[in-house]
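Contents: one structure, followed by commentary.
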Amino acid sequence: MSEITKETVFAALSKIKGPDMTGDLISLGLVSDVFITDGKVIFSINVPAERAQELEPLRKAAEMTVADLDGVSKVIVALTAERKVGGAAPVQSAPPATAPRAAAPAAPEKVGVPGVKYIISVASGKGGVGKSTTSVNLALALQKLGNKVGILDADIYGPSMPRLLGITGKPTANGRILTPMEGYGLKVMSMGFLVEEDTPMIWRGPMVISALTQMLNEVDWGELDMLIVDMPPGTGDAQLTMAQKVPLAGAVIVSTPQDIALIDARKGLNMFRKVNVPILGIVENMSTFICPKCGERSDIFGHGGAKDEAKRLGVPFLGEVPLHMDIRQTSDSGTPIVASSPDSEHAKAYIAIAEKMLERLNAEQNMAGNEAPKIIME
């Protein structure tokens with residue numbers, strides 16, 4: 001198999017007619033810079049925002065054309081819209097008083113993932129609160145409680161799962177479908193498997209959304225009780241798209257105890273509420289520092305803030321995890337503490353959080369008339 005180059009990609013795209021069958025994608029300057037890594041080809045096509053849905057066949061044609069090139073193993077194509085700098089939005093006059101009122105747009109249809117019973121988001125309002133460490137240990141705890149679990153690393157700009165789970169290598173592809181990587185019995189997909197660790201992902205929102213959609217829907221997840229989605233921090237395009245287009249069974253919010261983190265955690269929680277995603281609860285991470293030598297406790301970031309916030313907002317408090325050297329070391333070494341030290345107090349803390357999360361999920365699904373996974377202690 002020969003190595004794919006940008007020149008080859010541009011040459012192939014120059015044969016595709018532009019919108020309205022005028023010119024071609026390259027001569028019209030519609031194709032962004034092409035990103036290539038290990039046979040994966042990623043680019044975007046600039047089109048008017050109001051024509052994005054209409055021009056979806058153009059995106060598919062570009063994707064299929066490049067996918068047929070020798071040396072290409074995977075293609076991600078997004079439609080983007082350039083906003084004119086300094087351009088004001090057009091002013092629309094109000095309709096006459098006698099004109100019939102337009103019907104409200106229908107909510108986007110949420111499409112599930114075949115074989116996956118429940119998709120659960122682990123989110124935070126800001127970075128640096130240990131969300132990814134919580135996600136991976138929570139996934140392992142759910143597995144220990146008898147569930148088949150996978151993890152989708154949705155943080156495109158800062159993927160953590162390859163390092164946290166000590167997984168190296170690249171996923172294989174069967175046509176358009178990727179086979180997820182595996183670590184400690186978990187099925188895992190992350191942008192970190194598709195690009196080098198030091199490669200920055202300098203992408204606009206639509207490309208991120210396209211990549212997320214493909215990692216969710218074009219991966220052979222098999223039969224899973226739960227798919228944990230490690231969300232990027234904040235409340236941007238990626239988070240909103242996942243909440244609006246994916247049938248999330250619930251969201252877990254991770255925060256540290258101090259006020260500045262809780263302010264942002266509140267924003268993330270309210271975003272999920274606005275799109276009718278059940279809040280399974282709040283986890284207080286780095287809840288207190290325990291000295292590994294003397295065992296003395298110090299509340300470096302405060303203590304109990306997330307519990308108080310959960311009570312104030314009327315959502316469950318799932319539990320707290322201390323700031324401890326063992327958790328940090330096992331995370332950095334790719335041996336998460338729930339897997340490497342299952343009998344430790346820290347692992348037991350994650351398992352207790354998973355139990356409470358499942359209880360809340362059971363309650364939510366019972367109210368919705370569905371049956372959630374039951375807790376199984378082996």
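Each chain of the structure tokens is named A, B, ... in the order shown, its residues numbered from 1; ligands are numbered from 1 in display order.
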
Who sits within 9 Å of Pro162 of chain A, only C-alpha atoms, same chain under 3 positions skipped, as a PyMOL selection string: chain A and resi 159+165-168+188-190+192-193+334

Spatial neighbours of Ser298 of chain A, 8 Å, only C-alpha atoms, chain gap at least 4 places, as a PyMOL selection string: chain A and resi 288-291

Just C-alpha atoms for this one: save the residues we selected as a PDB file, in the first residue's frame.
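Output file again_3.pdb follows:
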```
ATOM      1  CA  THR A 288      -9.229  16.272  50.550  1.00  0.00           C
ATOM      2  CA  PHE A 289      -5.485  15.578  50.570  1.00  0.00           C
ATOM      3  CA  ILE A 290      -4.233  12.616  52.570  1.00  0.00           C
ATOM      4  CA  CYS A 291      -0.498  12.605  53.238  1.00  0.00           C
TER       5      CYS A 291
END
```

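Excluding segment 352-358 of chain A itself and same-chain residues fewer than 5 positions from it, the residues having an atom within 9 Å of it are Leu138, Ala139, Ala141, Leu142, Leu145, Val252, Leu280, Gly281, Val283, Pro316, Phe317, Leu318, Gly319, Glu320, Ala347, Ala363, Ala372, Pro373, Lys374 and Ile375 of chain A, counting only C-alpha atoms.
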
Spatial neighbours of Ile120 of chain A, 9 Å, only C-alpha atoms, chain gap at least 5 places, as a list in words: Met226, Leu227, Ile228, Val229, Asp230, Leu248, Ala249, Gly250, Ala251 and Val252 of chain A

Spatial neighbours of Ala238 of chain A, 12 Å, only C-alpha atoms, chain gap at least 3 places, as a ChimeraX atom specification: /A:123,153-157,203-213,229-235,241-246

Residues within 12 Å of Phe35 of chain A, only C-alpha atoms, excluding chain neighbours under 4 positions, as a ChimeraX atom specification: /A:4-7,9-10,31,39-44,74-77,194-195,199-203,207
